[in-house]
Amino acid sequence: LLGHSPVDWSLIGNAHAGKIMHGEWWRLVTALCLHSGWLHLLGNLVIGGIFIVRLCRDLGSGLAWSLLLCSGILGNLLNNYLQQPAHRAVGASTAIFGAVGILAALSLVRYRHNLRRRWPLPIAAALGLLALLGATGERTDVGAHLFGFLCGLGIGFLAENVIGRYGRPSEKTNRLLALGSVGVIGIAWWSALLFGS
């Protein structure tokens with residue numbers, strides 16, 4: 001903007017553990033929107049896209065994005081509680097591993113009557129993916145991936161049980177959930193711009 005220095009998006013939006021624990025809650029959300037480079041972004045788009053598209057087809061876009069956002073936020077929160085105050089992280093992979101956990105939980109609940117034959121498959125696939133993609137690399141935040149997955153599992157179990165009892169959300173509800181997700185991200189970035197340091 002004219003007369004102002006450029007915004008350092010990473011500085012005001014990364015998941016800085018110490019600042020999150022001192023009230024900068026928006027970092028739990030904004031960190032999901034940031035990436036360390038084009039390769040990081042591309043990897044999340046390609047790999048994450050597979051799971052996110054599947055989840056959107058299964059649950060409806062609004063509900064799917066709401067659950068993804070919740071798993072990413074909760075995963076970042078739990079990870080930051082266990083990290084040193086100086087720990088910083090960026091990336092959507094916390095939410096992407098949340099999607100893997102949600103899909104695994106949906107499968108477990110749906111096929112609970114055939115558990116002997118089917119239950120190991122979604123969990124084994126999810127843990128295999130976590131080991132393959134989420135636990136290697138010098139700058140990989142294993143905690144964020146693990147907690148994203150675990151939060152996704154819990155959220156997926158809850159969501160599928162609620163759906164089983166009340167049915168899938170209507171088209172209008174899905175739209176409202178989608179708008180709510182966009183609103184949470186918008187409020188988080190607005191807070192980062194106003195109060196970020």
# chains A, B, ... in the order shown; residues from 1 in each chain; ligands from 1
call {"tool": "residues_around", "arguments": {"residues": "Thr173 of chain A", "least_positions_apart": "5", "cutoff": "10 Å", "atoms": "only C-alpha atoms", "output": "list in words"}}
result
Gly60, Gly62, Leu63, Arg168, Ala178 and Leu179 of chain A
call {"tool": "residues_around", "arguments": {"residues": "Trp26 of chain A", "least_positions_apart": "3", "cutoff": "7 Å", "atoms": "only C-alpha atoms", "output": "PyMOL selection string"}}
result
chain A and resi 29-30+188+191-192
call {"tool": "write_last_selection", "arguments": {"atoms": "all heavy atoms", "output": "PDB file, in the first residue's frame"}}
result
ATOM      1  N   VAL A  29      -4.947 -20.450  12.480  1.00  0.00           N
ATOM      2  CA  VAL A  29      -5.662 -20.458  11.202  1.00  0.00           C
ATOM      3  C   VAL A  29      -4.756 -19.981  10.074  1.00  0.00           C
ATOM      4  O   VAL A  29      -4.630 -20.639   9.035  1.00  0.00           O
ATOM      5  CB  VAL A  29      -6.915 -19.555  11.273  1.00  0.00           C
ATOM      6  CG1 VAL A  29      -7.675 -19.575   9.957  1.00  0.00           C
ATOM      7  CG2 VAL A  29      -7.810 -19.948  12.432  1.00  0.00           C
ATOM      8  N   THR A  30      -4.120 -18.834  10.275  1.00  0.00           N
ATOM      9  CA  THR A  30      -3.340 -18.233   9.187  1.00  0.00           C
ATOM     10  C   THR A  30      -2.170 -19.112   8.755  1.00  0.00           C
ATOM     11  O   THR A  30      -1.810 -19.124   7.574  1.00  0.00           O
ATOM     12  CB  THR A  30      -2.828 -16.836   9.595  1.00  0.00           C
ATOM     13  OG1 THR A  30      -2.095 -16.932  10.822  1.00  0.00           O
ATOM     14  CG2 THR A  30      -3.988 -15.861   9.762  1.00  0.00           C
ATOM     15  N   ALA A 188      -9.360 -14.235  10.924  1.00  0.00           N
ATOM     16  CA  ALA A 188      -8.005 -14.547  11.403  1.00  0.00           C
ATOM     17  C   ALA A 188      -6.974 -13.650  10.731  1.00  0.00           C
ATOM     18  O   ALA A 188      -6.101 -13.079  11.392  1.00  0.00           O
ATOM     19  CB  ALA A 188      -7.684 -16.027  11.155  1.00  0.00           C
ATOM     20  N   SER A 191      -7.287 -10.085  11.965  1.00  0.00           N
ATOM     21  CA  SER A 191      -6.656  -9.976  13.284  1.00  0.00           C
ATOM     22  C   SER A 191      -5.136  -9.948  13.174  1.00  0.00           C
ATOM     23  O   SER A 191      -4.475  -9.195  13.886  1.00  0.00           O
ATOM     24  CB  SER A 191      -7.089 -11.143  14.180  1.00  0.00           C
ATOM     25  OG  SER A 191      -8.488 -11.148  14.356  1.00  0.00           O
ATOM     26  N   ALA A 192      -4.598 -10.762  12.271  1.00  0.00           N
ATOM     27  CA  ALA A 192      -3.144 -10.789  12.076  1.00  0.00           C
ATOM     28  C   ALA A 192      -2.640  -9.428  11.595  1.00  0.00           C
ATOM     29  O   ALA A 192      -1.609  -8.928  12.057  1.00  0.00           O
ATOM     30  CB  ALA A 192      -2.760 -11.892  11.088  1.00  0.00           C
TER      31      ALA A 192
END
call {"tool": "atom_distance", "arguments": {"atom1": "atom CA of Ala105 of chain A", "atom2": "atom CA of Leu55 of chain A"}}
result
11.6 Å
call {"tool": "residues_around", "arguments": {"residues": "segment 64-67 of chain A", "least_positions_apart": "3", "cutoff": "10 Å", "atoms": "only C-alpha atoms", "output": "JSON, numbers by chain"}}
result
{"A": [52, 53, 54, 55, 56, 57, 58, 59, 60, 61, 70, 71, 72, 73, 95, 98, 99, 102, 151, 152, 155, 156, 159, 174, 177, 178, 179, 180, 181, 182, 184]}
call {"tool": "closest_residue", "arguments": {"among": "A:Pro169, A:Gly196, A:Gly143, A:Gly49", "to": "Tyr81 of chain A", "atoms": "only C-alpha atoms"}}
result
A:Gly143
call {"tool": "residues_around", "arguments": {"residues": "Asn79 of chain A", "least_positions_apart": "4", "cutoff": "9 Å", "atoms": "only C-alpha atoms", "output": "MDAnalysis selection string"}}
result
chainID A and resid 17 74:75 83 143:148
call {"tool": "atom_distance", "arguments": {"atom1": "atom CA of Met21 of chain A", "atom2": "atom CA of Gly154 of chain A"}}
result
23.2 Å
call {"tool": "residues_around", "arguments": {"residues": "Phe157 of chain A", "least_positions_apart": "5", "cutoff": "12 Å", "atoms": "only C-alpha atoms", "output": "list in words"}}
result
Leu67, Gly101, Ile102, Leu103, Ala104, Ala105, Leu106, Ser107, Leu108, Val109, Arg110, Arg112, Leu150, Cys151, Gly152, Val162, Ile163 and Gly164 of chain A
call {"tool": "closest_residue", "arguments": {"among": "A:Ile96, A:Ala89, A:Ala31, A:Leu82", "to": "Gly43 of chain A", "atoms": "only C-alpha atoms"}}
result
A:Ile96
call {"tool": "decode", "arguments": {"residues": "segment 97-112 of chain A", "atoms": "all heavy atoms", "output": "tab-separated table (two decimals), in the first residue's frame"}}
result
chain	number	residue	atom	x	y	z
A	97	PHE	N	-3.64	-33.82	6.71
A	97	PHE	CA	-3.62	-35.05	7.51
A	97	PHE	C	-4.91	-35.17	8.32
A	97	PHE	O	-5.35	-36.28	8.63
A	97	PHE	CB	-2.37	-35.11	8.38
A	97	PHE	CG	-1.18	-35.60	7.61
A	97	PHE	CD1	-0.30	-34.70	7.03
A	97	PHE	CD2	-0.97	-36.94	7.42
A	97	PHE	CE1	0.77	-35.14	6.28
A	97	PHE	CE2	0.10	-37.40	6.66
A	97	PHE	CZ	0.98	-36.50	6.10
A	98	GLY	N	-5.53	-34.04	8.63
A	98	GLY	CA	-6.86	-34.08	9.23
A	98	GLY	C	-7.86	-34.73	8.29
A	98	GLY	O	-8.69	-35.54	8.71
A	99	ALA	N	-7.76	-34.42	6.99
A	99	ALA	CA	-8.65	-35.02	5.99
A	99	ALA	C	-8.46	-36.53	5.94
A	99	ALA	O	-9.43	-37.29	5.85
A	99	ALA	CB	-8.39	-34.40	4.62
A	100	VAL	N	-7.20	-36.97	6.03
A	100	VAL	CA	-6.91	-38.41	6.03
A	100	VAL	C	-7.56	-39.06	7.26
A	100	VAL	O	-8.20	-40.12	7.16
A	100	VAL	CB	-5.39	-38.66	6.03
A	100	VAL	CG1	-5.08	-40.15	6.15
A	100	VAL	CG2	-4.76	-38.10	4.75
A	101	GLY	N	-7.44	-38.42	8.42
A	101	GLY	CA	-8.06	-38.93	9.63
A	101	GLY	C	-9.58	-38.96	9.53
A	101	GLY	O	-10.22	-39.93	9.95
A	102	ILE	N	-10.17	-37.91	8.98
A	102	ILE	CA	-11.63	-37.85	8.83
A	102	ILE	C	-12.11	-38.98	7.93
A	102	ILE	O	-13.06	-39.69	8.27
A	102	ILE	CB	-12.07	-36.47	8.26
A	102	ILE	CG1	-11.79	-35.36	9.27
A	102	ILE	CG2	-13.56	-36.50	7.89
A	102	ILE	CD1	-11.89	-33.95	8.68
A	103	LEU	N	-11.43	-39.17	6.79
A	103	LEU	CA	-11.84	-40.24	5.87
A	103	LEU	C	-11.70	-41.61	6.51
A	103	LEU	O	-12.55	-42.48	6.32
A	103	LEU	CB	-11.01	-40.15	4.58
A	103	LEU	CG	-11.36	-38.99	3.64
A	103	LEU	CD1	-10.30	-38.82	2.58
A	103	LEU	CD2	-12.73	-39.22	3.00
A	104	ALA	N	-10.62	-41.81	7.27
A	104	ALA	CA	-10.44	-43.09	7.97
A	104	ALA	C	-11.57	-43.32	8.96
A	104	ALA	O	-12.14	-44.42	9.06
A	104	ALA	CB	-9.09	-43.12	8.68
A	105	ALA	N	-11.93	-42.27	9.73
A	105	ALA	CA	-13.01	-42.40	10.72
A	105	ALA	C	-14.36	-42.67	10.05
A	105	ALA	O	-15.14	-43.49	10.54
A	105	ALA	CB	-13.07	-41.13	11.57
A	106	LEU	N	-14.64	-41.97	8.96
A	106	LEU	CA	-15.89	-42.20	8.24
A	106	LEU	C	-16.01	-43.66	7.82
A	106	LEU	O	-17.06	-44.29	7.97
A	106	LEU	CB	-15.98	-41.30	7.00
A	106	LEU	CG	-16.03	-39.79	7.20
A	106	LEU	CD1	-16.11	-39.07	5.87
A	106	LEU	CD2	-17.18	-39.37	8.10
A	107	SER	N	-14.91	-44.19	7.31
A	107	SER	CA	-14.90	-45.58	6.86
A	107	SER	C	-15.10	-46.54	8.03
A	107	SER	O	-15.86	-47.51	7.94
A	107	SER	CB	-13.58	-45.88	6.15
A	107	SER	OG	-13.56	-47.19	5.68
A	108	LEU	N	-14.43	-46.26	9.15
A	108	LEU	CA	-14.58	-47.12	10.33
A	108	LEU	C	-16.00	-47.15	10.85
A	108	LEU	O	-16.53	-48.21	11.20
A	108	LEU	CB	-13.64	-46.64	11.44
A	108	LEU	CG	-12.18	-47.02	11.30
A	108	LEU	CD1	-11.34	-46.31	12.35
A	108	LEU	CD2	-12.00	-48.52	11.41
A	109	VAL	N	-16.63	-45.98	10.91
A	109	VAL	CA	-18.00	-45.93	11.43
A	109	VAL	C	-18.97	-46.60	10.46
A	109	VAL	O	-19.84	-47.37	10.87
A	109	VAL	CB	-18.43	-44.47	11.71
A	109	VAL	CG1	-19.90	-44.39	12.10
A	109	VAL	CG2	-17.56	-43.86	12.81
A	110	ARG	N	-18.80	-46.36	9.18
A	110	ARG	CA	-19.72	-46.92	8.18
A	110	ARG	C	-19.64	-48.44	8.11
A	110	ARG	O	-20.64	-49.10	7.86
A	110	ARG	CB	-19.42	-46.33	6.81
A	110	ARG	CG	-19.89	-44.92	6.70
A	110	ARG	CD	-19.52	-44.30	5.39
A	110	ARG	NE	-19.81	-42.87	5.44
A	110	ARG	CZ	-19.38	-42.01	4.55
A	110	ARG	NH1	-18.64	-42.41	3.53
A	110	ARG	NH2	-19.69	-40.73	4.67
A	111	TYR	N	-18.45	-48.97	8.30
A	111	TYR	CA	-18.28	-50.42	8.16
A	111	TYR	C	-18.07	-51.09	9.52
A	111	TYR	O	-17.46	-52.14	9.61
A	111	TYR	CB	-17.11	-50.72	7.22
A	111	TYR	CG	-17.32	-50.11	5.85
A	111	TYR	CD1	-16.47	-49.13	5.37
A	111	TYR	CD2	-18.40	-50.50	5.06
A	111	TYR	CE1	-16.67	-48.55	4.12
A	111	TYR	CE2	-18.61	-49.93	3.82
A	111	TYR	CZ	-17.74	-48.96	3.36
A	111	TYR	OH	-17.95	-48.38	2.13
A	112	ARG	N	-18.60	-50.48	10.58
A	112	ARG	CA	-18.37	-51.02	11.93
A	112	ARG	C	-18.95	-52.41	12.11
A	112	ARG	O	-18.50	-53.16	12.96
A	112	ARG	CB	-18.92	-50.06	12.98
A	112	ARG	CG	-20.41	-49.84	12.94
A	112	ARG	CD	-20.81	-48.73	13.92
A	112	ARG	NE	-22.21	-48.37	13.81
A	112	ARG	CZ	-22.70	-47.50	12.95
A	112	ARG	NH1	-21.89	-46.91	12.08
A	112	ARG	NH2	-23.98	-47.22	12.92
